[in-house]
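With mmCIF, C-alpha atoms and all ligand atoms inside, this is input.cif:
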```cif
data_entry
loop_
_atom_site.label_atom_id
_atom_site.label_comp_id
_atom_site.auth_asym_id
_atom_site.auth_seq_id
_atom_site.Cartn_x
_atom_site.Cartn_y
_atom_site.Cartn_z
CA MET D 24 74.38 32.74 -60.66
CA THR D 25 72.52 30.29 -58.38
CA SER D 26 69.44 31.50 -56.63
CA LEU D 27 71.28 31.06 -53.34
CA THR D 28 74.12 33.33 -54.47
CA LYS D 29 71.53 35.85 -55.61
CA LYS D 30 69.88 35.75 -52.18
CA VAL D 31 73.22 36.19 -50.39
CA LEU D 32 74.14 39.12 -52.62
CA ALA D 33 70.74 40.72 -52.12
CA ALA D 34 71.01 40.31 -48.36
CA ALA D 35 74.53 41.75 -48.39
CA ALA D 36 73.37 44.71 -50.45
CA GLY D 37 70.51 45.25 -48.03
CA ALA D 38 72.93 45.12 -45.12
CA VAL D 39 75.10 47.74 -46.75
CA VAL D 40 72.12 50.02 -47.22
CA ILE D 41 71.02 49.55 -43.62
CA ALA D 42 74.55 50.10 -42.33
CA GLY D 43 74.76 53.18 -44.53
CA LEU D 44 71.57 54.56 -43.03
CA ALA D 45 72.75 53.88 -39.53
CA THR D 46 76.16 55.48 -39.80
CA ALA D 47 75.78 58.35 -42.29
CA PRO D 48 74.74 61.64 -40.71
CA ALA D 49 71.00 62.22 -41.08
CA ALA D 50 70.43 64.11 -44.30
CA GLN D 51 69.46 67.65 -43.45
CA ALA D 52 66.20 68.69 -45.10
CA ALA D 53 66.48 72.14 -46.62
CA PRO D 54 64.75 74.79 -44.54
CA LYS D 55 61.29 75.77 -45.75
CA SER D 56 60.85 78.67 -48.12
CA GLY D 57 58.12 81.28 -47.61
CA LEU D 58 58.83 81.86 -43.93
CA LYS D 59 58.00 85.13 -42.18
CA ILE D 60 61.01 86.17 -40.15
CA ALA D 61 61.25 89.15 -37.77
CA VAL D 62 64.77 90.47 -37.15
CA ILE D 63 64.77 92.41 -33.89
CA PRO D 64 67.97 94.22 -32.81
CA LYS D 65 68.62 95.97 -29.50
CA ALA D 66 67.99 99.18 -31.45
CA VAL D 67 67.49 99.64 -35.20
CA ASN D 68 69.67 102.75 -35.48
CA ILE D 69 72.93 101.23 -34.16
CA GLY D 70 75.44 100.76 -37.00
CA TYR D 71 76.50 97.33 -35.71
CA PHE D 72 72.92 96.08 -36.02
CA LYS D 73 72.60 97.45 -39.51
CA GLY D 74 75.46 95.10 -40.44
CA TRP D 75 73.79 92.29 -38.47
CA ASN D 76 70.59 92.90 -40.42
CA ASP D 77 72.50 92.89 -43.72
CA GLY D 78 73.54 89.34 -42.85
CA ALA D 79 69.96 88.44 -41.91
CA GLN D 80 68.65 89.84 -45.20
CA LYS D 81 71.26 87.88 -47.15
CA ALA D 82 70.16 84.67 -45.42
CA CYS D 83 66.48 85.46 -45.99
CA LYS D 84 67.12 85.92 -49.69
CA GLU D 85 68.90 82.58 -49.95
CA LEU D 86 66.13 80.95 -47.90
CA LYS D 87 63.44 82.52 -50.08
CA ALA D 88 61.67 83.90 -47.04
CA ALA D 89 58.30 85.52 -47.66
CA LYS D 90 59.11 88.34 -45.28
CA CYS D 91 62.24 89.36 -43.44
CA ASP D 92 61.46 92.46 -41.45
CA TYR D 93 64.01 94.46 -39.47
CA ILE D 94 61.87 95.88 -36.69
CA GLY D 95 62.80 97.28 -33.30
CA PRO D 96 63.10 100.31 -31.07
CA THR D 97 65.42 103.29 -31.39
CA GLN D 98 66.38 102.96 -27.73
CA ALA D 99 68.17 99.79 -26.69
CA THR D 100 65.99 98.68 -23.77
CA GLY D 101 63.98 95.54 -23.04
CA PRO D 102 60.68 97.37 -22.45
CA ALA D 103 61.13 99.14 -25.81
CA GLN D 104 61.73 95.78 -27.55
CA LEU D 105 58.56 94.20 -26.10
CA LYS D 106 56.28 96.02 -28.52
CA PHE D 107 58.08 94.43 -31.47
CA ILE D 108 58.02 90.91 -30.08
CA ASN D 109 54.29 91.29 -29.48
CA GLN D 110 53.89 92.63 -33.00
CA ALA D 111 55.64 89.54 -34.40
CA ILE D 112 53.28 87.31 -32.38
CA GLN D 113 50.16 89.17 -33.51
CA GLN D 114 51.25 89.14 -37.14
CA LYS D 115 52.03 85.42 -36.96
CA TYR D 116 55.66 85.45 -37.95
CA ASN D 117 57.26 81.97 -38.06
CA ALA D 118 60.52 83.00 -36.43
CA ILE D 119 62.21 85.81 -34.53
CA VAL D 120 65.93 86.56 -34.59
CA LEU D 121 66.59 88.64 -31.50
CA SER D 122 69.44 90.49 -29.81
CA ALA D 123 68.10 90.96 -26.29
CA ALA D 124 68.77 94.37 -24.75
CA ASP D 125 67.52 92.99 -21.44
CA GLN D 126 68.25 89.47 -20.33
CA ASN D 127 65.17 89.22 -18.09
CA ALA D 128 62.46 91.65 -19.17
CA LEU D 129 61.54 89.82 -22.36
CA ALA D 130 60.82 86.41 -20.79
CA PRO D 131 56.99 86.68 -20.60
CA ALA D 132 56.75 87.84 -24.24
CA LEU D 133 59.13 85.10 -25.40
CA LYS D 134 57.03 82.49 -23.58
CA LYS D 135 53.98 83.81 -25.41
CA ALA D 136 55.86 83.57 -28.72
CA LYS D 137 56.88 79.99 -27.98
CA ALA D 138 53.29 79.06 -27.08
CA ALA D 139 52.19 80.55 -30.40
CA GLY D 140 54.63 78.22 -32.20
CA ILE D 141 57.13 80.95 -33.12
CA CYS D 142 60.80 79.97 -33.13
CA VAL D 143 62.97 82.45 -31.26
CA VAL D 144 66.71 82.41 -31.82
CA THR D 145 68.82 84.95 -29.99
CA SER D 146 71.84 86.29 -31.83
CA ASP D 147 74.47 88.64 -30.38
CA ALA D 148 72.89 88.93 -26.90
CA ASP D 149 71.13 86.04 -25.19
CA VAL D 150 68.41 85.88 -22.51
CA ALA D 151 68.86 84.52 -18.98
CA ASP D 152 66.08 81.92 -19.22
CA THR D 153 67.39 79.80 -22.06
CA THR D 154 64.15 77.78 -22.20
CA THR D 155 62.47 80.83 -23.74
CA ARG D 156 64.54 80.59 -26.94
CA ALA D 157 65.43 77.68 -29.22
CA ALA D 158 69.16 78.47 -29.61
CA SER D 159 71.61 81.34 -29.41
CA VAL D 160 74.18 82.37 -32.00
CA LEU D 161 77.02 84.23 -30.30
CA PRO D 162 80.41 85.50 -31.50
CA ALA D 163 82.85 83.69 -29.19
CA SER D 164 82.82 82.56 -25.59
CA ALA D 165 82.35 85.41 -23.10
CA GLN D 166 85.64 84.45 -21.48
CA ARG D 167 87.65 84.87 -24.68
CA ILE D 168 86.00 88.19 -25.50
CA GLY D 169 86.37 89.61 -21.98
CA GLU D 170 89.97 88.52 -21.52
CA ALA D 171 91.02 89.69 -24.99
CA GLU D 172 89.85 93.21 -24.21
CA VAL D 173 91.78 93.22 -20.95
CA ASP D 174 94.93 92.13 -22.81
CA TRP D 175 94.49 94.95 -25.32
CA ILE D 176 94.24 97.66 -22.67
CA ALA D 177 97.09 96.15 -20.61
CA GLN D 178 99.31 96.19 -23.66
CA GLU D 179 98.57 99.86 -24.29
CA ILE D 180 99.05 101.14 -20.75
CA GLY D 181 102.09 98.99 -20.01
CA GLY D 182 100.36 96.69 -17.52
CA LYS D 183 99.73 99.31 -14.82
CA GLY D 184 97.36 102.10 -13.85
CA LYS D 185 93.65 102.75 -13.43
CA VAL D 186 91.09 101.51 -15.92
CA ALA D 187 87.33 101.89 -16.20
CA ILE D 188 84.75 100.03 -18.25
CA LEU D 189 82.27 102.00 -20.34
CA SER D 190 79.53 99.45 -20.99
CA ALA D 191 76.18 99.48 -22.77
CA ALA D 192 73.31 98.54 -20.45
CA ALA D 193 73.45 96.85 -17.07
CA THR D 194 70.60 94.62 -18.30
CA ALA D 195 72.41 93.12 -21.32
CA ALA D 196 73.58 89.51 -20.98
CA ASN D 197 76.46 89.85 -23.43
CA GLN D 198 77.94 92.93 -21.72
CA ASN D 199 77.51 91.43 -18.25
CA ALA D 200 79.12 88.13 -19.16
CA TRP D 201 82.17 89.83 -20.73
CA ILE D 202 82.56 92.19 -17.78
CA ASP D 203 82.40 89.30 -15.27
CA PHE D 204 85.32 87.65 -17.06
CA MET D 205 87.24 90.93 -17.19
CA LYS D 206 86.82 91.34 -13.43
CA ALA D 207 88.04 87.82 -12.74
CA TYR D 208 91.00 88.01 -15.13
CA LEU D 209 92.35 91.49 -14.32
CA PRO D 210 93.69 90.91 -10.79
CA LYS D 211 95.05 87.47 -11.75
CA LYS D 212 96.92 88.52 -14.86
CA TYR D 213 97.57 92.22 -14.24
CA PRO D 214 97.85 92.90 -10.49
CA ASN D 215 99.11 96.44 -11.16
CA ILE D 216 95.98 97.47 -13.00
CA GLN D 217 93.14 98.77 -10.86
CA LEU D 218 89.56 98.65 -12.13
CA VAL D 219 87.92 101.81 -10.78
CA GLY D 220 84.38 101.26 -11.99
CA VAL D 221 81.84 100.18 -14.59
CA TYR D 222 79.87 102.98 -16.23
CA TYR D 223 76.76 102.48 -18.36
CA GLY D 224 76.01 104.49 -21.49
CA ASP D 225 72.99 102.34 -22.42
CA ASP D 226 74.09 102.07 -26.07
CA ASP D 227 73.05 105.70 -26.43
CA ALA D 228 75.62 108.03 -28.00
CA THR D 229 74.83 111.05 -25.81
CA LYS D 230 74.71 109.12 -22.55
CA SER D 231 77.90 107.24 -23.46
CA ALA D 232 79.72 110.55 -24.08
CA GLN D 233 78.47 111.84 -20.72
CA GLN D 234 79.70 108.71 -18.99
CA TYR D 235 83.10 109.03 -20.66
CA ASN D 236 83.38 112.58 -19.27
CA GLN D 237 82.19 111.36 -15.89
CA ILE D 238 85.02 108.81 -15.80
CA LEU D 239 87.58 111.52 -16.54
CA THR D 240 86.09 113.84 -13.92
CA GLU D 241 86.03 111.17 -11.21
CA HIS D 242 89.43 109.72 -12.13
CA PRO D 243 91.63 112.41 -13.73
CA ASP D 244 94.56 109.97 -13.63
CA ILE D 245 92.71 107.22 -15.50
CA ALA D 246 95.08 105.33 -17.83
CA GLY D 247 92.62 103.37 -19.93
CA ILE D 248 89.00 102.74 -20.82
CA ILE D 249 87.60 99.46 -22.11
CA SER D 250 84.30 99.93 -23.93
CA PRO D 251 82.77 96.60 -24.99
CA THR D 252 80.08 98.28 -27.07
CA THR D 253 80.28 99.82 -30.53
CA VAL D 254 78.22 102.80 -29.35
CA GLY D 255 80.36 103.39 -26.25
CA ILE D 256 83.79 103.11 -27.86
CA ARG D 257 82.78 105.42 -30.68
CA ALA D 258 81.41 108.05 -28.27
CA ALA D 259 84.57 107.83 -26.17
CA ALA D 260 86.82 108.22 -29.21
CA GLN D 261 84.76 111.16 -30.45
CA GLU D 262 85.02 112.94 -27.06
CA LYS D 263 88.75 112.30 -26.93
CA LYS D 264 89.10 113.73 -30.41
CA SER D 265 87.17 116.90 -29.62
CA LYS D 266 88.61 117.51 -26.14
CA GLY D 267 92.08 116.01 -26.41
CA GLY D 268 93.57 113.78 -23.74
CA THR D 269 95.78 110.77 -23.31
CA VAL D 270 93.48 108.07 -21.96
CA ALA D 271 93.91 104.82 -23.91
CA ILE D 272 90.65 103.55 -25.39
CA THR D 273 89.93 100.02 -26.57
CA GLY D 274 87.07 97.53 -26.67
CA LEU D 275 84.60 96.43 -29.32
CA GLY D 276 83.93 98.79 -32.19
CA LEU D 277 82.66 98.79 -35.75
CA PRO D 278 85.61 99.39 -38.09
CA SER D 279 83.58 101.71 -40.36
CA GLU D 280 82.70 103.88 -37.35
CA MET D 281 86.21 103.78 -35.86
CA LYS D 282 88.39 104.34 -38.91
CA ASP D 283 88.75 108.11 -38.43
CA TYR D 284 89.77 107.68 -34.79
CA VAL D 285 92.35 105.01 -35.57
CA LEU D 286 93.84 107.07 -38.39
CA GLY D 287 93.50 110.17 -36.18
CA GLY D 288 95.44 108.50 -33.35
CA GLN D 289 92.69 108.53 -30.68
CA VAL D 290 92.46 104.73 -30.68
CA THR D 291 95.38 102.38 -31.35
CA LYS D 292 93.73 98.98 -31.39
CA PHE D 293 90.29 97.47 -30.81
CA GLY D 294 88.39 94.38 -31.92
CA LEU D 295 85.15 92.88 -33.15
CA TRP D 296 83.74 89.90 -35.02
CA ASN D 297 81.84 90.15 -38.28
CA PRO D 298 78.29 91.30 -37.37
CA ILE D 299 77.07 90.35 -40.87
CA ASP D 300 77.99 86.71 -40.23
CA LEU D 301 76.29 86.81 -36.84
CA GLY D 302 72.96 87.94 -38.32
CA TYR D 303 73.34 85.52 -41.21
CA VAL D 304 73.87 82.42 -39.07
CA GLY D 305 71.21 83.55 -36.57
CA THR D 306 68.67 83.77 -39.37
CA TYR D 307 69.59 80.33 -40.74
CA ALA D 308 69.20 78.88 -37.24
CA ALA D 309 65.77 80.50 -36.93
CA ALA D 310 64.67 79.20 -40.35
CA GLU D 311 65.94 75.69 -39.52
CA CYS D 312 63.97 75.84 -36.29
CA ALA D 313 60.77 76.90 -38.04
CA SER D 314 61.27 74.05 -40.53
CA SER D 315 62.11 71.28 -38.04
CA GLY D 316 59.29 71.17 -35.50
CA ASN D 317 60.38 74.28 -33.61
CA LYS D 318 63.78 72.88 -32.72
CA VAL D 319 67.12 73.99 -34.08
CA PRO D 320 68.91 70.85 -35.30
CA LYS D 321 72.11 69.98 -33.42
CA SER D 322 74.07 70.75 -36.61
CA PHE D 323 72.86 72.85 -39.49
CA LYS D 324 74.26 74.57 -42.54
CA ALA D 325 74.36 78.30 -43.17
CA GLY D 326 75.75 78.96 -46.62
CA SER D 327 78.80 76.76 -47.11
CA LYS D 328 79.56 76.17 -43.41
CA THR D 329 78.12 73.78 -40.86
CA TYR D 330 77.43 75.00 -37.33
CA THR D 331 76.95 72.81 -34.28
CA GLN D 332 75.23 73.66 -31.01
CA GLY D 333 77.23 73.34 -27.82
CA ALA D 334 76.05 73.51 -24.21
CA ASN D 335 72.78 75.40 -23.62
CA GLY D 336 71.99 75.56 -27.31
CA VAL D 337 74.77 78.09 -27.96
CA ILE D 338 76.50 78.28 -31.33
CA PHE D 339 79.80 80.20 -31.41
CA LEU D 340 81.16 81.82 -34.55
CA GLY D 341 84.81 82.35 -33.61
CA ASP D 342 87.32 84.69 -32.02
CA PRO D 343 87.15 88.45 -32.55
CA ALA D 344 89.48 90.10 -35.06
CA THR D 345 91.59 93.09 -34.07
CA PHE D 346 91.97 96.34 -35.97
CA ASP D 347 94.68 98.98 -36.06
CA LYS D 348 96.25 101.34 -38.59
CA SER D 349 97.46 98.39 -40.66
CA ASN D 350 94.03 96.96 -41.52
CA ILE D 351 91.33 99.44 -40.49
CA THR D 352 90.76 100.81 -43.99
CA LYS D 353 90.24 97.36 -45.43
CA PHE D 354 87.74 96.30 -42.74
CA ALA D 355 85.94 99.67 -42.65
CA ALA D 356 84.90 99.00 -46.23
CA ILE D 357 83.22 95.73 -45.18
CA TYR D 358 81.47 96.54 -41.85
C1 LIG D 401 76.83 97.13 -29.43
C2 LIG D 401 75.78 96.26 -28.79
C3 LIG D 401 75.98 94.81 -29.15
C4 LIG D 401 77.41 94.38 -28.93
C5 LIG D 401 78.32 95.25 -29.73
C6 LIG D 401 79.78 94.89 -29.55
O1 LIG D 401 76.52 97.34 -30.78
O2 LIG D 401 75.80 96.44 -27.42
O3 LIG D 401 75.11 94.00 -28.39
O4 LIG D 401 77.60 93.05 -29.28
O5 LIG D 401 78.14 96.59 -29.32
#
```
Show the structure stored in the file as structure tokens.
Ligand code: RAM
Amino acid sequence: MTSLTKKVLAAAAGAVVIAGLATAPAAQAAPKSGLKIAVIPKAVNIGYFKGWNDGAQKACKELKAAKCDYIGPTQATGPAQLKFINQAIQQKYNAIVLSAADQNALAPALKKAKAAGICVVTSDADVADTTTRAASVLPASAQRIGEAEVDWIAQEIGGKGKVAILSAAATAANQNAWIDFMKAYLPKKYPNIQLVGVYYGDDDATKSAQQYNQILTEHPDIAGIISPTTVGIRAAAQEKKSKGGTVAITGLGLPSEMKDYVLGGQVTKFGLWNPIDLGYVGTYAAAECASSGNKVPKSFKAGSKTYTQGANGVIFLGDPATFDKSNITKFAAIY
């Protein structure tokens, strides 16, 4: 080989390497091990969040986190969550995975966390000021979730009659966003269904049961109730079971908490996504953030899947699944 040929070959090889660097996706450095991660739900005692935390713990184990603490209030309110965000700041956690019970009340604490170099990723319920968190891991778009629930109730009541919404808290971004889409979709798609009101049970079992009874008292001819909260739908189904009645109930529930009511005939069909996955991906996003200069990379891996941020730093997991007599037993064994 002449020296010229050698030079040409070497240059060509170099060009290939450079081209390779330019076009291949940037290699993702593995997230750091030894991180201290705080997992803060709306309330620690809600079954849905126990599943969410199971996913977070699974991620923490894979990530070899030094600490992965499930801390939070027993009442799902923003003011009650503040104490735990402040605790995470004081104890110098690297990251917080948060489901915000209040879309506004946490902003000052989240700003403090950010200033202290703590990565905050919301998961399940976001905050209004999206600059106060690095990213948000949500189930599916609010439009898809809201409209799906309307379709479920319409199907059950034959497209006509009065319906009410039994929500969690008026402060929660996820509930509000779903309800806004329900309100827009109902008159367009189902003009013979009348929405008579939105009632708030604050993700508290007792208050949700009271609100269910309030709906029946105020609207004895109510045909259906949509409850987009696992606490609300369970309380409604429980009340229907103990008092009897014909009101159709649907919404978002935890299969393990709803199995008896589906098999008992109080609820025909409802939906949800996998809360374990939601906590899992949220925790990976938080660990990536704490490992990459306090920014969640545009795309990152959680387990075997790659997730990519869309507008406003939101990562969606996928459409909700639906449950009825045919599959409730199978799903109740999982979450
Ligand atoms: C409750 C909470 C949570 C919501 C689920 C469906 O557990 O309000 O934020 O996503 O229901």
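Note that atom CA of Lys137 of chain D and atom CA of Ala99 of chain D are 22.8 Å apart.
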Enclose ligand LIG 401 (chain D), meaning all of its atoms listed in the file, in a box aligned along x, y and z, pad it by 6 Å on each side, and list the centre and edge lengths in Å to one decimal, as lines of an AutoDock Vina configuration file.
```
center_x = 77.4
center_y = 95.2
center_z = -29.1
size_x = 16.7
size_y = 16.3
size_z = 15.4
```
Tell me, as a list in words, which residues lie within 7 Å of segment 344-350 of chain D, counting all atoms listed in the file; anything in the same chain fewer than 5 positions away does not count. Val285, Leu286, Thr291, Lys292, Phe293, Gly294, Leu295 and Trp296 of chain D
Taking all atoms listed in the file into account, report as a PDB file with C-alpha atoms, keeping the file's coordinate frame which residues have an atom no farther than 6 Å from an atom of ligand LIG 401 (chain D).
```
ATOM      1  CA  TYR D  71      76.500  97.330 -35.710  1.00  0.00           C
ATOM      2  CA  ASP D 147      74.470  88.640 -30.380  1.00  0.00           C
ATOM      3  CA  ALA D 148      72.890  88.930 -26.900  1.00  0.00           C
ATOM      4  CA  ALA D 191      76.180  99.480 -22.770  1.00  0.00           C
ATOM      5  CA  PRO D 251      82.770  96.600 -24.990  1.00  0.00           C
ATOM      6  CA  THR D 252      80.080  98.280 -27.070  1.00  0.00           C
ATOM      7  CA  THR D 253      80.280  99.820 -30.530  1.00  0.00           C
ATOM      8  CA  VAL D 254      78.220 102.800 -29.350  1.00  0.00           C
ATOM      9  CA  LEU D 275      84.600  96.430 -29.320  1.00  0.00           C
TER      10      LEU D 275
END
```
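Proximity ranking of D:Gly336, D:Pro162, D:Gly287, D:Pro210 relative to Lys183 of chain D places D:Pro210 first, based on only C-alpha atoms.
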